[in-house]
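Working notes, beginning with the structure itself.
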Amino acid sequence: MADYKFDTIVTHLQTYGFVFQGSEIYGGLSNTWDYGPLGVELINNLKRAWWKKFVQESPTNVGIDSAILMNPKVWEATKHVSTFNDPLIDCKYCKSRHRADKLIEESYPEVAVGTMSQTEMMAFIRERKVACPQCGKSDFTDIRQFNMMFKTHVGVTEDSQSLVYLRPETAQGVIVNFKNIARTTRRKLPLGVASVGKAFRNEITPGQFTFRTREFTQLELEFFCAPGTNLKWFTYWKEYAMHFLKGLGVQKANLRFRDHDQKELAFYSQATSDIEYRFPFGWGEVWGIADRGNYDLSRHQEYSGKPLDYLDPDTNDKFVPCIVEPSLGLDRLALTVICDSYEEEVLEKDTRVVMHLHPAIAPYQVAILPLSKQLNEKAQEIVSILNPHFNVVYDETGSIGKRYRRQDAIGTPFCITVDFDTAADQSVTIRDRDSMKQLRMPIDDLIKYIRIKVFY
RNA sequence: GCAGGUGUAGUUCAAUGGUAGAACAUCAGCCUUCCAAGCUGAUCACGCGGGUUCGAUUCCCGUCACCUGCUCCA
């Protein structure tokens with residue numbers, strides 16, 4: 001499959017109603033995107049496919065849906081509040097941006113920057129004329145605090161008592177419920193808990209369409225296991241995740257693992273490996289698989305004062321479980337399958353755009369196309385027979401060829417034409433998007449036939 | 001946040017200091033019995049806000065959005 005320009009794909013998505021710009025009639029809001037009628041079907045199908053593989057077909061795993069707003073202490077425990085509250089400063093001369101604390105630290109390693117307030121750091125930089133590492137001048141803007149977490153308030157008054165954050169990851173909503181889940185499900189370790197939900201990060205530089213946005217959906221699994229077994233499970237879930245993507249039809253050549261080296265590892269992580277996809281704009285992370293050790297539970301245990309350890313009934317060992325976390329961005333997963341399935345197929349007379357989406361995730365599984373408008377009634381009957389089972393779309397306008405093209409462009413795997421023999425023989429013609437092959441089939445057999453094809 | 005670029009129907013492009021044309025797409029009618037046919041007609045646009053001007057889509061300023069770099073991404 002050839003490579004296509006990213007712009008072309010984005011335009012295609014907006015033309016057919018997969019994605020719209022957020023708040024468009026008001027001039028938009030930067031980096032917000034809305035999923036249209038086709039996009040939401042794709043998104044929902046992807047969620048369902050993931051849930052099926054990571055919950056339904058994984059006997060160790062269960063699911064949860066946790067609140068977006070959490071007690072702010074959660075984010076203190078995880079260091080989201082402290083560590084990512086960077087004091088940023090810009091050089092007015094060369095326009096480079098720096099962290100004020102790092103700036104001081106580099107020039108004056110003996111100074112205890114950690115104990116300085118923002119005002120003190122500012123005064124220090126001005127007094128000592130700390131130089132810009134970029135251009136050597138000392139002409140800086142004021143310090144501005146930057147934290148990736150969105151803040152809001154609970155209640156009507158905006159005092160600090162009521163400050164809450166929009167969660168920057170769904171993981172903590174799962175992790176703080178560990179005891180509840182283990183108790184109510186009567187599960188032993190290893191125990192996986194899956195969750196699907198929105199997370200919010202005030203990224204400095206979002207962009208690349210839906211690839212990096214400030215609001216996004218995470219499909220996360222927190223896999224609780226005994227210390228010492230985490231490496232084994234880390235490898236297991238890495239492979240399982242890769243297998244999932246390939247199962248959706250994503251081409252092997254466009255996927256790769258990228259292991260983080262020691263320097264790159266987050267402070268909480270023992271090992272991290274990303275699954276990257278070769279997007280038209282370059283390789284980008286789709287799935288991050290992290291071995292978080294027992295960092296999260298230990299911190300929550302410390303901050304909440306509640307024991308979060310686990311008694312292994314087989315060995316009588318008591319320990320704080322480790323967590324292996326495969327974390328997938330839904331928006332990136334959608335972009336992956338879209339980019340990977342998009343094709344402009346050159347035919348003898350013209351070109352057709354085809355999205356070779358796996359039938360299980362295509363927005364519509366079936367299109368019903370009456371060959372003539374006189375056959376509408378019979379066609380509608382078939383719509384009613386199929387739509388309790390599949391997403392069905394009905395199209396009666398334009399020539400039959402044009403209607404096939406429309407369905408190809410949005411990835412509908414099966415088109416059913418109703419013709420003048422249908423009423424007499426109770427049969428229709430079903431056409432396959434990828435092979436372009438046509439098959440005559442009794443109406444009664446349709447559900448069974450399509451169900452097998454869309455199975456994932 | 002900085003620098004550069006872009007902004008006219010859904011899309012791709014025109015033209016113009018006197019309020020905009022086309023093609024494709026969409027919709028309706030005719031025709032049409034399985035892969036973007038044809039004919040007729042219709043709907044739809046100057047990102048937003050100021051300024052200059054008798055008059056601004058056009059010139060100027062601001063703003064918003066998108067693209068490309070830089071910075072950032074636990």
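By order in the structure tokens, chains are A, B, ...; within a chain, residues start at 1; ligands start at 1, following the order shown.
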Neighbour list for A9 in chain B as a list in words, cut-off 10 Å, only C-alpha atoms (C1' of nucleotides), skip fewer than 3 positions in-chain: C44, A45 and C46 of chain B
Write out, as a PDB file, in the first residue's frame, the residues just selected, with N, CA, C and O atoms (P, O5', C5', C4', C3', O3' and C1' of nucleotides).
ATOM      1  P     C B  44     -28.406  29.130  -0.601  1.00  0.00           P
ATOM      2  O5'   C B  44     -26.963  28.658  -0.112  1.00  0.00           O
ATOM      3  C5'   C B  44     -26.830  27.983   1.132  1.00  0.00           C
ATOM      4  C4'   C B  44     -25.498  27.306   1.184  1.00  0.00           C
ATOM      5  C3'   C B  44     -24.303  28.195   0.886  1.00  0.00           C
ATOM      6  O3'   C B  44     -23.953  28.965   2.017  1.00  0.00           O
ATOM      7  C1'   C B  44     -24.072  26.118  -0.222  1.00  0.00           C
ATOM      8  P     A B  45     -23.516  30.500   1.813  1.00  0.00           P
ATOM      9  O5'   A B  45     -21.945  30.337   1.675  1.00  0.00           O
ATOM     10  C5'   A B  45     -21.176  29.868   2.794  1.00  0.00           C
ATOM     11  C4'   A B  45     -19.725  30.108   2.535  1.00  0.00           C
ATOM     12  C3'   A B  45     -19.310  31.582   2.431  1.00  0.00           C
ATOM     13  O3'   A B  45     -19.137  32.158   3.709  1.00  0.00           O
ATOM     14  C1'   A B  45     -18.343  30.362   0.667  1.00  0.00           C
ATOM     15  P     C B  46     -19.318  33.735   3.917  1.00  0.00           P
ATOM     16  O5'   C B  46     -18.084  34.341   3.113  1.00  0.00           O
ATOM     17  C5'   C B  46     -16.947  34.825   3.805  1.00  0.00           C
ATOM     18  C4'   C B  46     -15.717  34.403   3.070  1.00  0.00           C
ATOM     19  C3'   C B  46     -14.453  35.125   3.502  1.00  0.00           C
ATOM     20  O3'   C B  46     -13.372  34.208   3.486  1.00  0.00           O
ATOM     21  C1'   C B  46     -14.854  35.541   1.202  1.00  0.00           C
TER      22        C B  46
END
Would you kindly report the residues of chain B within 12 Å of chain A, using only C-alpha atoms (C1' of nucleotides), as an MDAnalysis selection string? chainID B and resid 1:3 7 10:12 25:28 31:38 47:48 63:68 70:74
Restricting the calculation to only C-alpha atoms, which member of A:Ile338, A:Ile382, A:Ala226, A:Val346 is positioned closest to Thr8 in chain A?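 Among A:Ile338, A:Ile382, A:Ala226, A:Val346, it is A:Ile338 that comes nearest to Thr8 in chain A.
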I need the residues of range 368-404 of chain A that end up classed as alpha helix (DSSP H) by DSSP on the backbone, written out as number ranges by chain. A: 376-386, 400-404
Output the selection as a PDB file, in the first residue's frame - C-alpha atoms for each residue.
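Contents of out_23.pdb, as written:
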ATOM      1  CA  ASN A 376     -37.133   0.644  -1.883  1.00  0.00           C
ATOM      2  CA  GLU A 377     -39.776  -1.158   0.088  1.00  0.00           C
ATOM      3  CA  LYS A 378     -38.118  -4.561  -0.213  1.00  0.00           C
ATOM      4  CA  ALA A 379     -34.761  -2.963   0.598  1.00  0.00           C
ATOM      5  CA  GLN A 380     -36.132  -1.353   3.756  1.00  0.00           C
ATOM      6  CA  GLU A 381     -37.439  -4.742   4.829  1.00  0.00           C
ATOM      7  CA  ILE A 382     -33.914  -6.128   4.651  1.00  0.00           C
ATOM      8  CA  VAL A 383     -32.611  -3.147   6.603  1.00  0.00           C
ATOM      9  CA  SER A 384     -35.033  -4.059   9.398  1.00  0.00           C
ATOM     10  CA  ILE A 385     -33.936  -7.676   9.331  1.00  0.00           C
ATOM     11  CA  LEU A 386     -30.245  -6.775   9.652  1.00  0.00           C
ATOM     12  CA  ILE A 400     -25.190   1.816  -8.180  1.00  0.00           C
ATOM     13  CA  GLY A 401     -21.514   2.336  -8.990  1.00  0.00           C
ATOM     14  CA  LYS A 402     -21.462   5.641  -7.179  1.00  0.00           C
ATOM     15  CA  ARG A 403     -23.061   4.057  -4.163  1.00  0.00           C
ATOM     16  CA  TYR A 404     -20.443   1.282  -4.086  1.00  0.00           C
TER      17      TYR A 404
END
Step one, run DSSP on the backbone; step two, keep only residues of range 292-398 of chain A assigned to strand (DSSP E or B); then write them as a ChimeraX atom specification. /A:292-293,310-311,318-319,322-329,342-346,351-355,366-370,392-394
Which one of A:Pro413, A:Pro363, A:Pro72, A:Pro190 sits closest to Glu222 in chain A if you count only C-alpha atoms? A:Pro190
Hey, what's within 10 Å of Ala182 in chain A if we count only C-alpha atoms (C1' of nucleotides) and toss same-chain stuff fewer than 2 positions away? As a PyMOL selection string, please? chain A and resi 62+177-180+184-189+191-193+224+310
Could those residues be written to a file, using all heavy atoms, as a compact mmCIF listing (two decimals), in the first residue's frame?
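Everything below was put into result_30.txt:
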# COMPACT_ATOMS: atom_id res chain seq x y z
N VAL A 62 -10.68 -7.90 34.95
CA VAL A 62 -12.03 -7.37 35.11
C VAL A 62 -11.99 -5.89 34.71
O VAL A 62 -10.93 -5.36 34.38
CB VAL A 62 -12.52 -7.49 36.58
CG1 VAL A 62 -12.65 -8.94 36.98
CG2 VAL A 62 -11.60 -6.74 37.53
N ASN A 177 -8.57 1.88 43.66
CA ASN A 177 -9.66 0.95 43.92
C ASN A 177 -9.20 -0.50 44.05
O ASN A 177 -10.02 -1.41 44.10
CB ASN A 177 -10.70 1.04 42.79
CG ASN A 177 -11.72 2.12 43.05
OD1 ASN A 177 -12.44 2.08 44.05
ND2 ASN A 177 -11.79 3.11 42.16
N PHE A 178 -7.90 -0.67 44.08
CA PHE A 178 -7.36 -2.03 44.09
C PHE A 178 -8.00 -2.93 45.14
O PHE A 178 -8.47 -4.03 44.86
CB PHE A 178 -5.84 -2.00 44.30
CG PHE A 178 -5.26 -3.35 44.57
CD1 PHE A 178 -5.29 -4.34 43.59
CD2 PHE A 178 -4.69 -3.67 45.81
CE1 PHE A 178 -4.77 -5.60 43.84
CE2 PHE A 178 -4.17 -4.94 46.05
CZ PHE A 178 -4.21 -5.90 45.07
N LYS A 179 -8.07 -2.43 46.37
CA LYS A 179 -8.64 -3.25 47.46
C LYS A 179 -10.11 -3.59 47.20
O LYS A 179 -10.54 -4.72 47.42
CB LYS A 179 -8.51 -2.49 48.79
CG LYS A 179 -7.12 -2.54 49.39
CD LYS A 179 -6.95 -3.83 50.18
CE LYS A 179 -5.64 -3.81 50.98
NZ LYS A 179 -5.38 -5.10 51.63
N ASN A 180 -10.85 -2.57 46.77
CA ASN A 180 -12.28 -2.79 46.49
C ASN A 180 -12.49 -3.87 45.45
O ASN A 180 -13.36 -4.73 45.58
CB ASN A 180 -12.93 -1.50 45.96
CG ASN A 180 -13.14 -0.49 47.06
OD1 ASN A 180 -13.23 -0.86 48.24
ND2 ASN A 180 -13.20 0.78 46.71
N THR A 184 -14.21 -7.48 46.19
CA THR A 184 -15.54 -7.80 45.65
C THR A 184 -15.52 -8.87 44.58
O THR A 184 -16.51 -9.56 44.37
CB THR A 184 -16.21 -6.54 45.08
OG1 THR A 184 -15.34 -5.93 44.12
CG2 THR A 184 -16.51 -5.53 46.18
N THR A 185 -14.40 -9.02 43.89
CA THR A 185 -14.35 -10.06 42.86
C THR A 185 -13.77 -11.35 43.42
O THR A 185 -13.76 -12.36 42.74
CB THR A 185 -13.46 -9.63 41.67
OG1 THR A 185 -12.15 -9.34 42.16
CG2 THR A 185 -14.02 -8.41 40.98
N ARG A 186 -13.28 -11.32 44.66
CA ARG A 186 -12.66 -12.46 45.33
C ARG A 186 -11.55 -13.05 44.47
O ARG A 186 -11.39 -14.25 44.33
CB ARG A 186 -13.71 -13.52 45.66
CG ARG A 186 -14.80 -13.02 46.62
CD ARG A 186 -15.89 -14.04 46.86
NE ARG A 186 -16.64 -14.30 45.62
CZ ARG A 186 -16.58 -15.44 44.92
NH1 ARG A 186 -15.85 -16.45 45.36
NH2 ARG A 186 -17.27 -15.57 43.81
N ARG A 187 -10.79 -12.12 43.84
CA ARG A 187 -9.72 -12.57 42.94
C ARG A 187 -8.40 -12.69 43.68
O ARG A 187 -8.13 -11.95 44.62
CB ARG A 187 -9.53 -11.56 41.81
CG ARG A 187 -10.74 -11.38 40.94
CD ARG A 187 -10.84 -12.51 39.94
NE ARG A 187 -12.01 -12.31 39.10
CZ ARG A 187 -12.01 -12.47 37.77
NH1 ARG A 187 -10.90 -12.81 37.15
NH2 ARG A 187 -13.10 -12.30 37.09
N LYS A 188 -7.58 -13.60 43.17
CA LYS A 188 -6.20 -13.67 43.62
C LYS A 188 -5.34 -12.97 42.57
O LYS A 188 -5.76 -12.76 41.45
CB LYS A 188 -5.75 -15.13 43.69
CG LYS A 188 -6.43 -15.94 44.77
CD LYS A 188 -5.84 -17.35 44.75
CE LYS A 188 -6.68 -18.28 45.61
NZ LYS A 188 -6.23 -19.68 45.44
N LEU A 189 -4.11 -12.66 42.94
CA LEU A 189 -3.18 -12.14 41.95
C LEU A 189 -2.74 -13.30 41.06
O LEU A 189 -2.69 -14.43 41.52
CB LEU A 189 -1.96 -11.52 42.63
CG LEU A 189 -2.21 -10.26 43.45
CD1 LEU A 189 -0.86 -9.60 43.78
CD2 LEU A 189 -3.11 -9.27 42.75
N LEU A 191 -4.07 -10.00 38.95
CA LEU A 191 -5.38 -9.45 38.67
C LEU A 191 -5.23 -8.22 37.79
O LEU A 191 -4.50 -7.29 38.14
CB LEU A 191 -6.05 -9.07 40.00
CG LEU A 191 -7.28 -8.16 39.94
CD1 LEU A 191 -8.41 -8.83 39.17
CD2 LEU A 191 -7.74 -7.82 41.35
N GLY A 192 -5.89 -8.26 36.66
CA GLY A 192 -5.84 -7.10 35.75
C GLY A 192 -7.14 -6.32 35.85
O GLY A 192 -8.21 -6.91 35.96
N VAL A 193 -7.04 -5.00 35.82
CA VAL A 193 -8.24 -4.17 35.85
C VAL A 193 -8.18 -3.20 34.67
O VAL A 193 -7.25 -2.40 34.57
CB VAL A 193 -8.38 -3.39 37.17
CG1 VAL A 193 -9.69 -2.62 37.18
CG2 VAL A 193 -8.30 -4.33 38.36
N PHE A 224 -2.09 -6.10 38.26
CA PHE A 224 -1.47 -6.25 39.58
C PHE A 224 -0.87 -7.64 39.71
O PHE A 224 -1.55 -8.64 39.46
CB PHE A 224 -2.52 -6.05 40.68
CG PHE A 224 -3.18 -4.68 40.63
CD1 PHE A 224 -4.34 -4.48 39.89
CD2 PHE A 224 -2.65 -3.60 41.33
CE1 PHE A 224 -4.95 -3.23 39.83
CE2 PHE A 224 -3.24 -2.35 41.29
CZ PHE A 224 -4.41 -2.16 40.54
N TYR A 310 -1.08 -7.00 50.01
CA TYR A 310 -1.84 -8.17 49.60
C TYR A 310 -1.26 -9.40 50.28
O TYR A 310 -0.04 -9.56 50.35
CB TYR A 310 -1.75 -8.30 48.08
CG TYR A 310 -2.32 -9.58 47.51
CD1 TYR A 310 -3.68 -9.71 47.29
CD2 TYR A 310 -1.47 -10.64 47.19
CE1 TYR A 310 -4.19 -10.88 46.75
CE2 TYR A 310 -1.97 -11.81 46.65
CZ TYR A 310 -3.35 -11.92 46.43
OH TYR A 310 -3.86 -13.08 45.90
Here is a test: counting only C-alpha atoms, which residue of A:Lys318, A:Tyr4, A:Tyr240, A:Ile9 is nearest to Ala409 in chain A? A:Ile9
Best match for closeness to Ser304 in chain A among A:Met122, A:Val176, A:Ile323, A:Ala100, counting only C-alpha atoms: A:Val176
Name the residues in contact with Phe234 in chain A at a cut-off of 10 Å, using only C-alpha atoms (C1' of nucleotides), excluding same-chain residues fewer than 3 positions from it; report them as a PyMOL selection string. chain A and resi 223+229-231+237-240+271-273+289-292+323-326
File dump, residues just selected, C-alpha atoms, as a compact mmCIF listing (two decimals), in the first residue's frame:
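again-v4.txt written:
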# COMPACT_ATOMS: atom_id res chain seq x y z
CA PHE A 223 -2.16 -5.53 35.91
CA THR A 229 6.72 -11.74 38.33
CA ASN A 230 6.43 -8.26 36.84
CA LEU A 231 9.05 -8.77 34.17
CA TRP A 237 1.33 -7.89 27.78
CA LYS A 238 3.76 -6.36 25.30
CA GLU A 239 3.26 -9.29 22.99
CA TYR A 240 -0.46 -9.43 23.66
CA ALA A 271 10.95 -0.75 32.22
CA THR A 272 8.89 0.81 29.48
CA SER A 273 8.33 -0.22 25.92
CA ILE A 289 3.65 -0.69 28.19
CA ALA A 290 5.22 0.19 31.53
CA ASP A 291 6.43 -1.86 34.44
CA ARG A 292 5.58 0.54 37.27
CA ILE A 323 1.76 -3.05 38.40
CA VAL A 324 2.33 -3.68 34.72
CA GLU A 325 0.45 -1.12 32.68
CA PRO A 326 -0.29 -1.33 28.97
For range 15-17 of chain B, list every protein, DNA or RNA residue within 8 Å, evaluated using only C-alpha atoms (C1' of nucleotides), and leave out those in the same chain fewer than 5 positions away; present the list as number ranges by chain. B: 55-56, 58
Can you write out the residues you just picked, keeping C-alpha atoms (C1' of nucleotides), as a PDB file, in the first residue's frame?
ATOM      1  C1'   G B  55     -17.758  51.683  -0.685  1.00  0.00           C
ATOM      2  C1'   A B  56     -13.219  46.316   1.800  1.00  0.00           C
ATOM      3  C1'   U B  58      -9.375  42.713  -1.809  1.00  0.00           C
TER       4        U B  58
END
Length of the CA of Tyr35 in chain A to CA of Lys246 in chain A vector [Å]: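 Between CA of Tyr35 in chain A and CA of Lys246 in chain A the gap works out to 24.2 Å.
Those residues that approach Val40 in chain A to within 10 Å, counting only C-alpha atoms (C1' of nucleotides), are Gly17, Phe18, Val19, Asp34, Tyr35, Asn45, Leu46 and Pro363 of chain A; same-chain residues fewer than 5 positions away are not listed.
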Non-local contacts of G62 in chain B (12 Å; only C-alpha atoms (C1' of nucleotides); under 4 positions in same chain excluded) as a VMD selection string: chain B and resid 48 to 51
